[in-house]
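Below: structure.txt (compact mmCIF, C-alpha atoms)
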# COMPACT_ATOMS: atom_id res chain seq x y z
CA MET A 6 17.90 60.77 -100.85
CA ASP A 7 20.51 62.04 -103.27
CA VAL A 8 18.75 63.81 -106.14
CA GLN A 9 22.06 64.10 -108.01
CA SER A 10 21.93 60.37 -108.73
CA TYR A 11 18.94 60.99 -111.03
CA LEU A 12 20.74 63.61 -113.10
CA PRO A 13 21.13 64.45 -115.91
CA LEU A 14 17.51 64.26 -117.00
CA ARG A 15 16.53 63.38 -120.54
CA GLU A 16 15.28 66.39 -122.43
CA PRO A 17 11.63 65.24 -122.72
CA THR A 18 11.57 64.46 -118.98
CA PHE A 19 13.00 67.88 -118.16
CA PHE A 20 10.39 69.65 -120.28
CA ILE A 21 7.50 67.56 -118.94
CA LEU A 22 8.49 68.45 -115.38
CA LEU A 23 8.94 72.06 -116.43
CA ALA A 24 5.47 72.08 -118.01
CA LEU A 25 4.01 71.15 -114.63
CA VAL A 26 5.69 73.95 -112.68
CA PRO A 27 2.79 76.45 -113.01
CA GLY A 28 0.29 73.85 -111.74
CA PRO A 29 -1.59 70.68 -112.62
CA GLN A 30 -1.94 69.92 -116.34
CA HIS A 31 -3.64 67.20 -118.34
CA GLY A 32 -1.86 65.21 -121.07
CA TYR A 33 -2.63 67.38 -124.05
CA ALA A 34 -1.69 70.57 -122.20
CA ILE A 35 1.63 69.00 -121.18
CA MET A 36 2.32 68.16 -124.85
CA LYS A 37 1.59 71.71 -126.00
CA GLU A 38 3.52 73.27 -123.14
CA THR A 39 6.51 71.05 -123.82
CA ALA A 40 6.56 72.07 -127.48
CA ASP A 41 6.24 75.75 -126.52
CA LEU A 42 8.93 75.64 -123.84
CA SER A 43 11.37 73.94 -126.19
CA ASP A 44 10.60 76.25 -129.11
CA GLY A 45 9.12 73.31 -130.97
CA ARG A 46 12.23 71.11 -130.64
CA VAL A 47 10.59 68.57 -128.30
CA ARG A 48 7.35 67.38 -129.81
CA LEU A 49 6.02 64.42 -127.91
CA SER A 50 3.86 61.71 -129.39
CA THR A 51 1.16 60.22 -127.16
CA SER A 52 3.18 57.01 -126.73
CA THR A 53 6.30 58.90 -125.63
CA LEU A 54 4.31 61.20 -123.35
CA TYR A 55 2.42 58.46 -121.53
CA GLY A 56 5.50 56.22 -121.34
CA ALA A 57 7.26 59.12 -119.62
CA ILE A 58 4.24 59.88 -117.40
CA LYS A 59 4.16 56.26 -116.26
CA ARG A 60 7.84 56.34 -115.31
CA LEU A 61 7.43 59.67 -113.52
CA LEU A 62 4.41 58.35 -111.59
CA ASP A 63 6.32 55.17 -110.68
CA GLN A 64 9.26 57.23 -109.47
CA ARG A 65 6.83 59.54 -107.62
CA TRP A 66 8.18 62.65 -109.32
CA ILE A 67 4.63 63.50 -110.39
CA GLU A 68 1.20 62.47 -109.14
CA ARG A 69 -2.36 62.60 -110.31
CA ALA A 70 -4.12 65.83 -109.37
CA PRO A 71 -7.69 64.85 -108.49
CA VAL A 72 -8.93 68.42 -108.25
CA ALA A 73 -7.91 69.42 -111.76
CA SER A 74 -9.17 66.21 -113.37
CA GLY A 75 -12.52 66.37 -115.05
CA VAL A 76 -14.64 65.74 -118.10
CA GLU A 77 -14.43 67.84 -121.25
CA ASN A 78 -16.43 67.17 -124.44
CA GLY A 79 -17.71 64.00 -122.82
CA ARG A 80 -14.16 62.70 -122.41
CA GLU A 81 -12.45 62.13 -119.09
CA ARG A 82 -9.32 64.17 -118.46
CA LYS A 83 -6.75 63.38 -115.82
CA ALA A 84 -4.35 66.00 -114.64
CA TYR A 85 -0.87 65.59 -113.22
CA GLN A 86 1.14 67.70 -110.84
CA LEU A 87 4.69 67.82 -109.53
CA THR A 88 5.49 66.19 -106.20
CA ASP A 89 8.06 67.67 -103.81
CA MET A 90 10.48 65.07 -105.06
CA GLY A 91 9.86 66.04 -108.68
CA ARG A 92 10.31 69.72 -107.83
CA ARG A 93 13.61 69.04 -106.07
CA ILE A 94 14.90 67.04 -109.02
CA LEU A 95 13.85 69.73 -111.47
CA ASN A 96 15.58 72.37 -109.35
CA ALA A 97 18.73 70.26 -109.15
CA GLU A 98 18.73 69.78 -112.92
CA THR A 99 18.21 73.50 -113.46
CA VAL A 100 21.17 74.27 -111.19
CA ARG A 101 23.26 71.70 -113.06
CA LEU A 102 22.37 73.22 -116.43
CA GLN A 103 23.07 76.72 -115.08
CA SER A 104 26.49 75.67 -113.90
CA LEU A 105 27.21 74.15 -117.31
CA VAL A 106 26.24 77.39 -118.99
CA THR A 107 28.39 79.39 -116.54
CA VAL A 108 31.40 77.17 -117.16
CA ALA A 109 30.89 77.36 -120.91
CA GLN A 110 30.55 81.16 -120.82
CA GLN A 111 33.66 81.56 -118.67
CA ALA A 112 35.64 79.30 -120.99
CA GLN A 113 34.53 81.24 -124.05
CA GLU A 114 35.20 84.60 -122.39
CA GLY A 115 38.64 83.38 -121.34
CA ALA A 116 39.41 82.28 -124.89
CA ALA A 117 38.24 85.60 -126.29
CA LEU A 118 40.64 87.62 -124.07
CA MET B 24 -12.27 64.85 -143.49
CA SER B 25 -14.25 63.76 -140.48
CA ARG B 26 -14.48 60.29 -142.03
CA ILE B 27 -10.70 60.09 -142.44
CA LEU B 28 -10.28 61.27 -138.87
CA SER B 29 -12.70 58.64 -137.73
CA VAL B 30 -10.68 55.91 -139.50
CA ILE B 31 -7.40 57.25 -138.07
CA PHE B 32 -8.87 57.37 -134.60
CA HIS B 33 -10.19 53.83 -134.98
CA LEU B 34 -6.75 52.58 -136.11
CA TYR B 35 -5.15 54.34 -133.16
CA SER B 36 -7.57 52.58 -130.78
CA ILE B 37 -6.50 49.27 -132.30
CA LEU B 38 -2.81 50.08 -131.78
CA ILE B 39 -3.47 50.90 -128.11
CA ARG B 40 -4.75 47.35 -127.60
CA PHE B 41 -1.23 45.96 -128.14
CA TYR B 42 0.13 47.61 -125.00
CA PRO B 43 0.36 45.51 -121.80
CA ALA B 44 -3.01 45.27 -120.05
CA SER B 45 -1.89 47.24 -116.98
CA PHE B 46 -0.57 50.12 -119.10
CA ARG B 47 -3.65 50.06 -121.32
CA GLU B 48 -6.02 50.17 -118.36
CA GLU B 49 -4.15 53.05 -116.76
CA PHE B 50 -3.48 55.23 -119.79
CA GLY B 51 -5.32 53.77 -122.81
CA SER B 52 -8.38 55.99 -122.66
CA GLU B 53 -6.29 59.08 -121.82
CA MET B 54 -4.03 58.41 -124.81
CA GLU B 55 -7.06 58.06 -127.06
CA ASN B 56 -8.47 61.32 -125.74
CA VAL B 57 -5.22 63.22 -126.25
CA PHE B 58 -4.80 61.74 -129.73
CA PHE B 59 -8.37 62.71 -130.54
CA GLU B 60 -7.76 66.30 -129.41
CA MET B 61 -4.44 66.53 -131.26
CA THR B 62 -5.72 65.18 -134.54
CA SER B 63 -8.97 67.18 -134.40
CA GLU B 64 -7.10 70.40 -133.77
CA ALA B 65 -4.46 69.65 -136.42
CA ALA B 66 -7.11 68.76 -139.00
CA HIS B 67 -8.86 72.03 -138.23
CA ASN B 68 -5.64 74.00 -138.84
CA ASN B 69 -4.05 72.27 -141.83
CA ASN B 70 -3.57 68.81 -143.27
CA SER B 71 0.23 68.84 -143.19
CA GLN B 72 0.15 69.29 -139.41
CA LEU B 73 -2.12 66.26 -139.18
CA LEU B 74 0.32 64.26 -141.31
CA VAL B 75 3.25 65.26 -139.09
CA ILE B 76 1.37 64.13 -135.98
CA ILE B 77 0.47 60.78 -137.53
CA LEU B 78 4.03 60.15 -138.76
CA GLN B 79 5.36 61.05 -135.33
CA GLU B 80 3.00 58.55 -133.71
CA ILE B 81 4.01 55.85 -136.21
CA ARG B 82 7.70 56.57 -135.56
CA ASP B 83 7.46 56.37 -131.74
CA TYR B 84 4.89 53.59 -131.39
CA PRO B 85 7.10 50.47 -131.94
CA LEU B 86 9.79 51.55 -129.48
CA SER B 87 7.18 52.59 -126.92
CA LEU B 88 5.39 49.26 -127.31
CA ILE B 89 8.59 47.24 -126.81
CA SER B 90 9.63 49.44 -123.91
CA GLU B 91 6.29 49.04 -122.08
CA HIS B 92 6.22 45.27 -122.61
CA TRP B 93 9.79 45.02 -121.32
CA ARG B 94 8.96 47.11 -118.25
CA ASN B 95 5.87 45.01 -117.65
CA PHE B 96 7.93 41.83 -117.92
CA GLN B 97 10.50 43.19 -115.44
CA HIS B 98 7.73 44.22 -113.06
CA LEU B 99 6.19 40.73 -113.18
CA GLU B 100 9.64 39.19 -112.68
CA SER B 101 10.25 41.27 -109.56
CA LYS B 102 6.83 40.28 -108.23
CA LEU B 103 7.79 36.62 -108.64
CA MET B 104 10.27 37.01 -105.78
CA THR B 105 7.44 37.81 -103.40
CA PRO B 106 5.92 34.55 -102.12
CA ILE B 107 2.14 34.60 -101.71
CA LYS B 108 2.47 33.22 -98.20
CA LYS B 109 4.77 31.16 -95.98
CA PRO B 110 4.14 27.41 -95.79
CA GLU B 111 1.90 26.25 -92.94
CA TRP B 112 2.48 23.22 -90.72
CA PHE B 113 0.67 20.86 -93.09
CA PHE B 114 2.78 21.76 -96.12
CA ILE B 115 5.40 19.05 -95.49
CA PRO B 116 2.96 16.12 -94.97
CA ALA B 117 0.81 17.33 -97.89
CA TRP B 118 3.85 17.56 -100.18
CA ILE B 119 5.11 14.11 -99.15
CA ILE B 120 1.72 12.44 -99.62
CA LEU B 121 1.01 14.13 -102.97
CA THR B 122 4.47 13.31 -104.29
CA ALA B 123 4.66 9.79 -102.92
CA ILE B 124 1.31 8.57 -104.21
CA CYS B 125 2.23 9.60 -107.75
CA VAL B 126 4.68 6.74 -108.25
CA PRO B 127 2.26 3.85 -107.53
CA MET B 128 -0.55 5.77 -109.25
CA ALA B 129 1.59 6.23 -112.36
CA PHE B 130 2.68 2.59 -112.19
CA PHE B 131 -0.87 1.27 -112.22
CA LEU B 132 -2.01 3.83 -114.77
CA ALA B 133 0.86 2.90 -117.13
CA ILE B 134 0.06 -0.79 -116.71
CA ALA B 135 -3.63 -0.13 -117.41
CA ILE B 136 -2.80 1.78 -120.61
CA ILE B 137 -0.38 -0.93 -121.73
CA ARG B 138 -2.99 -3.65 -121.09
CA PHE B 139 -5.37 -1.68 -123.30
CA ILE B 140 -2.73 -1.42 -126.03
CA ILE B 141 -1.97 -5.15 -125.76
CA ILE B 142 -5.60 -5.88 -126.69
CA PHE B 143 -4.88 -4.39 -130.14
CA PHE B 144 -1.17 -5.19 -130.66
CA GLY B 145 -0.70 -8.41 -128.69
CA ASP B 146 1.88 -9.44 -126.09
CA PHE B 147 4.81 -8.88 -128.42
CA ILE B 148 5.71 -5.87 -130.49
CA THR B 149 8.30 -5.66 -133.29
CA VAL B 150 10.30 -2.46 -133.55
CA ASP B 151 13.03 -2.08 -136.20
CA GLY B 152 12.97 -5.82 -136.74
CA VAL B 153 13.49 -6.60 -133.05
CA ARG B 154 10.76 -8.40 -131.14
CA HIS B 155 9.97 -6.98 -127.69
CA ILE B 156 7.55 -7.88 -124.91
CA THR B 157 4.95 -5.13 -125.37
CA GLU B 158 4.53 -4.51 -121.64
CA ASP B 159 8.26 -4.15 -120.91
CA TYR B 160 8.95 -2.11 -124.02
CA LEU B 161 6.14 0.39 -123.58
CA PHE B 162 6.53 0.75 -119.84
CA THR B 163 9.93 2.42 -120.27
CA TYR B 164 8.37 5.10 -122.44
CA LEU B 165 5.01 5.48 -120.73
CA PHE B 166 5.90 5.50 -117.05
CA PRO B 167 8.21 8.58 -116.91
CA PRO B 168 5.84 11.05 -118.61
CA ILE B 169 2.85 9.74 -116.63
CA VAL B 170 4.59 9.97 -113.29
CA GLY B 171 5.96 13.38 -114.29
CA LEU B 172 2.51 14.60 -115.27
CA LEU B 173 0.81 13.30 -112.12
CA THR B 174 3.56 14.62 -109.84
CA GLY B 175 3.65 17.96 -111.62
CA CYS B 176 -0.14 18.42 -111.43
CA LEU B 177 -0.50 17.45 -107.77
CA GLN B 178 2.53 19.49 -106.66
CA TYR B 179 1.28 22.44 -108.69
CA GLY B 180 -2.09 22.24 -106.96
CA LEU B 181 -0.30 22.75 -103.64
CA LEU B 182 2.46 25.13 -104.75
CA ARG B 183 0.17 27.64 -106.46
CA ARG B 184 -1.13 28.66 -103.04
CA TYR B 185 2.36 29.73 -101.99
CA LEU B 186 4.33 30.84 -105.05
CA PRO B 187 3.16 33.12 -107.88
CA ARG B 188 2.65 31.95 -111.47
CA MET B 189 3.68 28.31 -111.12
CA GLY B 190 1.82 26.96 -114.18
CA TRP B 191 5.04 25.81 -115.87
CA TRP B 192 5.77 23.53 -112.90
CA VAL B 193 3.82 20.70 -114.56
CA ALA B 194 5.82 20.97 -117.79
CA ALA B 195 9.10 21.27 -115.86
CA THR B 196 8.32 18.11 -113.89
CA VAL B 197 7.34 16.13 -116.99
CA ALA B 198 10.51 17.37 -118.72
CA GLY B 199 12.56 16.26 -115.70
CA TRP B 200 11.22 12.70 -115.82
CA VAL B 201 11.39 12.48 -119.61
CA GLY B 202 14.91 13.91 -119.35
CA LEU B 203 15.99 10.74 -117.54
CA VAL B 204 14.77 8.59 -120.45
CA LEU B 205 16.53 10.87 -122.92
CA ILE B 206 19.81 10.87 -120.99
CA LEU B 207 19.77 7.09 -120.60
CA GLY B 208 18.67 6.64 -124.22
CA ILE B 209 21.52 8.83 -125.47
CA SER B 210 23.94 6.97 -123.18
CA SER B 211 22.71 3.70 -124.65
CA ALA B 212 22.96 4.98 -128.23
CA LEU B 213 26.51 6.11 -127.57
CA GLY B 214 27.35 2.62 -126.35
CA PHE B 215 27.38 3.35 -122.62
CA PHE B 216 25.84 1.27 -119.91
CA TRP B 217 22.08 1.21 -120.54
CA PRO B 218 20.15 -1.08 -120.90
CA ALA B 219 22.64 -3.96 -121.18
CA ASP B 220 24.27 -3.33 -117.80
CA VAL B 221 21.23 -2.01 -116.05
CA ALA B 222 21.41 -4.68 -113.37
CA ASN B 223 24.69 -3.27 -112.16
CA GLU B 224 24.04 -1.71 -108.74
CA PHE B 225 26.48 1.13 -109.27
CA LEU B 226 24.82 2.10 -112.53
CA ILE B 227 21.35 1.93 -111.01
CA ASN B 228 22.56 4.36 -108.35
CA TRP B 229 23.80 6.67 -111.06
CA ALA B 230 20.48 6.42 -112.89
CA PHE B 231 18.75 7.65 -109.71
CA VAL B 232 21.24 10.50 -109.33
CA VAL B 233 20.62 11.44 -112.98
CA LEU B 234 16.87 11.35 -112.32
CA GLY B 235 17.28 13.67 -109.32
CA LEU B 236 19.45 15.98 -111.38
CA SER B 237 17.06 16.00 -114.32
CA ILE B 238 13.95 16.74 -112.20
CA GLY B 239 15.85 19.17 -109.98
CA VAL B 240 17.23 21.24 -112.86
CA GLY B 241 13.85 21.38 -114.64
CA GLN B 242 12.04 22.65 -111.55
CA TRP B 243 14.94 24.88 -110.47
CA LEU B 244 14.49 26.87 -113.68
CA LEU B 245 11.18 28.08 -112.21
CA LEU B 246 12.19 28.29 -108.57
CA ARG B 247 15.34 30.34 -109.19
CA ARG B 248 13.20 33.32 -110.21
CA ARG B 249 10.98 33.00 -107.15
CA LEU B 250 13.22 31.91 -104.30
CA PRO B 251 16.73 33.00 -103.28
CA ARG B 252 19.37 30.24 -103.13
CA ALA B 253 17.12 27.96 -105.20
CA ALA B 254 20.12 25.90 -106.38
CA TRP B 255 19.70 23.90 -103.14
CA TRP B 256 16.61 22.46 -104.79
CA ILE B 257 18.80 20.54 -107.26
CA ALA B 258 20.94 19.23 -104.40
CA ALA B 259 17.82 18.11 -102.46
CA ASN B 260 16.46 16.25 -105.47
CA MET B 261 19.76 14.57 -106.26
CA GLY B 262 20.27 13.68 -102.60
CA GLY B 263 16.77 12.24 -102.23
CA TRP B 264 16.93 10.14 -105.35
CA ALA B 265 20.53 9.04 -104.72
CA LEU B 266 19.59 7.85 -101.23
CA LEU B 267 16.69 5.93 -102.69
CA GLY B 268 18.95 4.43 -105.35
CA LEU B 269 21.22 3.11 -102.61
CA LEU B 270 18.26 1.41 -100.91
CA VAL B 271 16.75 -0.21 -103.99
CA SER B 272 19.82 -1.00 -106.07
CA ASP B 273 20.20 -4.48 -104.56
CA GLY B 274 17.19 -5.56 -106.64
CA SER B 275 14.76 -6.04 -103.77
CA LEU B 276 11.97 -3.99 -105.35
CA ASN B 277 8.65 -4.99 -103.80
CA GLN B 278 5.49 -3.11 -102.96
CA TYR B 279 7.06 -1.58 -99.84
CA THR B 280 10.11 -0.25 -101.63
CA LEU B 281 7.81 0.90 -104.40
CA LEU B 282 6.06 3.08 -101.84
CA ALA B 283 9.44 4.22 -100.55
CA VAL B 284 10.32 5.35 -104.08
CA GLY B 285 8.06 8.29 -103.51
CA ILE B 286 8.65 8.97 -99.84
CA LEU B 287 12.41 9.54 -99.64
CA PRO B 288 12.85 12.17 -102.37
CA ALA B 289 9.51 13.67 -101.36
CA PHE B 290 10.67 14.05 -97.76
CA LEU B 291 13.97 15.68 -98.65
CA THR B 292 12.44 17.99 -101.25
CA ALA B 293 9.67 19.00 -98.82
CA MET B 294 12.26 19.99 -96.22
CA ALA B 295 14.29 21.88 -98.81
CA LEU B 296 11.26 23.67 -100.20
CA VAL B 297 10.03 24.78 -96.77
CA SER B 298 13.52 26.10 -95.94
CA LEU B 299 13.67 27.99 -99.23
CA MET B 300 10.16 29.43 -98.86
CA ASN B 301 10.78 30.53 -95.27
CA GLN B 302 13.63 32.79 -96.37
CA ASP B 303 12.98 36.52 -96.43
CA PRO B 304 12.53 37.81 -99.98
CA PRO B 305 15.43 39.95 -101.30
CA PRO B 306 15.15 43.72 -100.59
CA GLU B 307 14.41 44.59 -104.24
CA ALA B 308 11.39 42.22 -104.18
CA GLN B 309 10.06 43.68 -100.92
CA GLY B 310 9.56 47.00 -102.66
CA ALA B 311 7.89 45.44 -105.72
Take the structure in the file and give it back as structure tokens.
Amino acid sequence: MDVQSYLPLREPTFFILLALVPGPQHGYAIMKETADLSDGRVRLSTSTLYGAIKRLLDQRWIERAPVASGVENGRERKAYQLTDMGRRILNAETVRLQSLVTVAQQAQEGAAL
Amino acid sequence: MSRILSVIFHLYSILIRFYPASFREEFGSEMENVFFEMTSEAAHNNNSQLLVIILQEIRDYPLSLISEHWRNFQHLESKLMTPIKKPEWFFIPAWIILTAICVPMAFFLAIAIIRFIIIFFGDFITVDGVRHITEDYLFTYLFPPIVGLLTGCLQYGLLRRYLPRMGWWVAATVAGWVGLVLILGISSALGFFWPADVANEFLINWAFVVLGLSIGVGQWLLLRRRLPRAAWWIAANMGGWALLGLLVSDGSLNQYTLLAVGILPAFLTAMALVSLMNQDPPPEAQGA
């Protein structure tokens, strides 16, 4: 399967996947991590977050993590984790962004000379 | 503050109910939990943070709602292309019998209703100053919707075992039969052939072709989303009714030909339907 066909990722999708890199996270943790990783630029509402989670589950880029799910304050929490597919797509997007940055830097350095 | 939070949380729970059922069941309680955590934490820190969160939810909610309903609709549409099961050996005889008996049943039912009406209005009825025989006048308007309704209901009873979400089949069949009356009525109003020249064999044939077209198009609107190459359904209907028109247009309508009225189109449509249902679903539907 060609992961390049899924690129570029939308910014919220990229940060959600990135938030799951350290390990399984539940919804609220993903929201906070996304805001932190983006320096507060990407602040997800619950509707945007769960719309994105549904798409990512459907595409099998993430999956439910049964081990990390649980109950806190009497409320059920479900955690999500990256699949291999999701990890490959995130890596591919990271490489794409890196190459963009490299090209931009080279162009700017060339112009400065 | 806790009272305001309680109201906000209650309103949020109401908003969640407007999402499609499948989405709500999968994520509704999680969304409520996350919203509860967010708002509780924000309220603990400062009120402006709480306001920002609420405004953000209000901003994103309509688009998210539309998006989830649209995705749900697309998902249901793709599932339509997956037949519940292939037709068994008895599908063809069952279809023919159910379809064929509708015509005599509708005939006698229409006559029974008209007889009842005659008790109150008499043998003659005056419409726009013109005196008509009640039975003849009402039959034209009563028979098509009755036969459409009976046919639609009986066919639906069989079809629902094989194709998903076929409830509109009844309405489509009634619309097909009523469509004939409308087309002929409009033709008559525009000064074309009907009813003055109705005895003309050629025109009777055309009336049958129009009936096949009208029923076929109405039902095709449902089948096209469930079966590949469903346009053949229109051809089968037109062919069946046209063939019948050829047989009965010489004016020899008796009880035997009345029975045949149902059998010929029913036979052709049964064959067409079995062929259509025995096709493999398209690849995109197989993954649905």
Exercise. Tell me which of A:Leu61, A:Tyr55, A:Ala112, A:Gly91 sits closest to chain B, counting all atoms listed in the file.
Key: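 Of the candidates, the smallest distance to chain B is held by A:Tyr55.
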Quiz item: Given a cut-off of 10 Å, which residues of chain A touch chain B, counting only C-alpha atoms, written out as a list in words?
Solution: His31, Gly32, Tyr33, Ala34, Met36, Lys37, Arg48, Leu49, Ser50, Thr51, Ser52, Thr53, Leu54, Tyr55, Gly56, Ala57, Ile58, Lys59, Arg60, Glu77, Asn78, Arg80, Glu81, Arg82 and Lys83 of chain A
Would you mind exporting the chosen residues as a CSV table (one decimal), keeping the file's coordinate frame, restricted to C-alpha atoms?
chain,number,residue,atom,x,y,z
A,31,HIS,CA,-3.6,67.2,-118.3
A,32,GLY,CA,-1.9,65.2,-121.1
A,33,TYR,CA,-2.6,67.4,-124.0
A,34,ALA,CA,-1.7,70.6,-122.2
A,36,MET,CA,2.3,68.2,-124.8
A,37,LYS,CA,1.6,71.7,-126.0
A,48,ARG,CA,7.4,67.4,-129.8
A,49,LEU,CA,6.0,64.4,-127.9
A,50,SER,CA,3.9,61.7,-129.4
A,51,THR,CA,1.2,60.2,-127.2
A,52,SER,CA,3.2,57.0,-126.7
A,53,THR,CA,6.3,58.9,-125.6
A,54,LEU,CA,4.3,61.2,-123.4
A,55,TYR,CA,2.4,58.5,-121.5
A,56,GLY,CA,5.5,56.2,-121.3
A,57,ALA,CA,7.3,59.1,-119.6
A,58,ILE,CA,4.2,59.9,-117.4
A,59,LYS,CA,4.2,56.3,-116.3
A,60,ARG,CA,7.8,56.3,-115.3
A,77,GLU,CA,-14.4,67.8,-121.2
A,78,ASN,CA,-16.4,67.2,-124.4
A,80,ARG,CA,-14.2,62.7,-122.4
A,81,GLU,CA,-12.4,62.1,-119.1
A,82,ARG,CA,-9.3,64.2,-118.5
A,83,LYS,CA,-6.8,63.4,-115.8
Quiz item: Suppose you want the space between CA of Tyr164 in chain B and CA of Ala133 in chain B; what is it in Å?
Solution: 9.5 Å
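If you look at CA of Leu226 in chain B and CA of Leu269 in chain B, they are 10.6 Å away from each other.
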Quiz item: Of the candidates A:Leu62, A:Ser10, A:Ala84, A:Leu42, which one gets nearest to Gln30 in chain A if we count all atoms listed in the file?
Solution: A:Ala84
Quiz item: Can you list, as an NGL selection string, every protein, DNA or RNA residue that comes within 12 Å of range 94-101 of chain A when you count only C-alpha atoms, leaving out same-chain residues fewer than 6 positions away?
Solution: :A and (6-16 or 18-26 or 61 or 64-67 or 87-88 or 107-108)
Expected file: the selected residues, C-alpha atoms, as a PDB file, in the coordinates of the input:
ATOM      1  CA  MET A   6      17.900  60.770-100.850  1.00  0.00           C
ATOM      2  CA  ASP A   7      20.510  62.040-103.270  1.00  0.00           C
ATOM      3  CA  VAL A   8      18.750  63.810-106.140  1.00  0.00           C
ATOM      4  CA  GLN A   9      22.060  64.100-108.010  1.00  0.00           C
ATOM      5  CA  SER A  10      21.930  60.370-108.730  1.00  0.00           C
ATOM      6  CA  TYR A  11      18.940  60.990-111.030  1.00  0.00           C
ATOM      7  CA  LEU A  12      20.740  63.610-113.100  1.00  0.00           C
ATOM      8  CA  PRO A  13      21.130  64.450-115.910  1.00  0.00           C
ATOM      9  CA  LEU A  14      17.510  64.260-117.000  1.00  0.00           C
ATOM     10  CA  ARG A  15      16.530  63.380-120.540  1.00  0.00           C
ATOM     11  CA  GLU A  16      15.280  66.390-122.430  1.00  0.00           C
ATOM     12  CA  THR A  18      11.570  64.460-118.980  1.00  0.00           C
ATOM     13  CA  PHE A  19      13.000  67.880-118.160  1.00  0.00           C
ATOM     14  CA  PHE A  20      10.390  69.650-120.280  1.00  0.00           C
ATOM     15  CA  ILE A  21       7.500  67.560-118.940  1.00  0.00           C
ATOM     16  CA  LEU A  22       8.490  68.450-115.380  1.00  0.00           C
ATOM     17  CA  LEU A  23       8.940  72.060-116.430  1.00  0.00           C
ATOM     18  CA  ALA A  24       5.470  72.080-118.010  1.00  0.00           C
ATOM     19  CA  LEU A  25       4.010  71.150-114.630  1.00  0.00           C
ATOM     20  CA  VAL A  26       5.690  73.950-112.680  1.00  0.00           C
ATOM     21  CA  LEU A  61       7.430  59.670-113.520  1.00  0.00           C
ATOM     22  CA  GLN A  64       9.260  57.230-109.470  1.00  0.00           C
ATOM     23  CA  ARG A  65       6.830  59.540-107.620  1.00  0.00           C
ATOM     24  CA  TRP A  66       8.180  62.650-109.320  1.00  0.00           C
ATOM     25  CA  ILE A  67       4.630  63.500-110.390  1.00  0.00           C
ATOM     26  CA  LEU A  87       4.690  67.820-109.530  1.00  0.00           C
ATOM     27  CA  THR A  88       5.490  66.190-106.200  1.00  0.00           C
ATOM     28  CA  THR A 107      28.390  79.390-116.540  1.00  0.00           C
ATOM     29  CA  VAL A 108      31.400  77.170-117.160  1.00  0.00           C
TER      30      VAL A 108
END
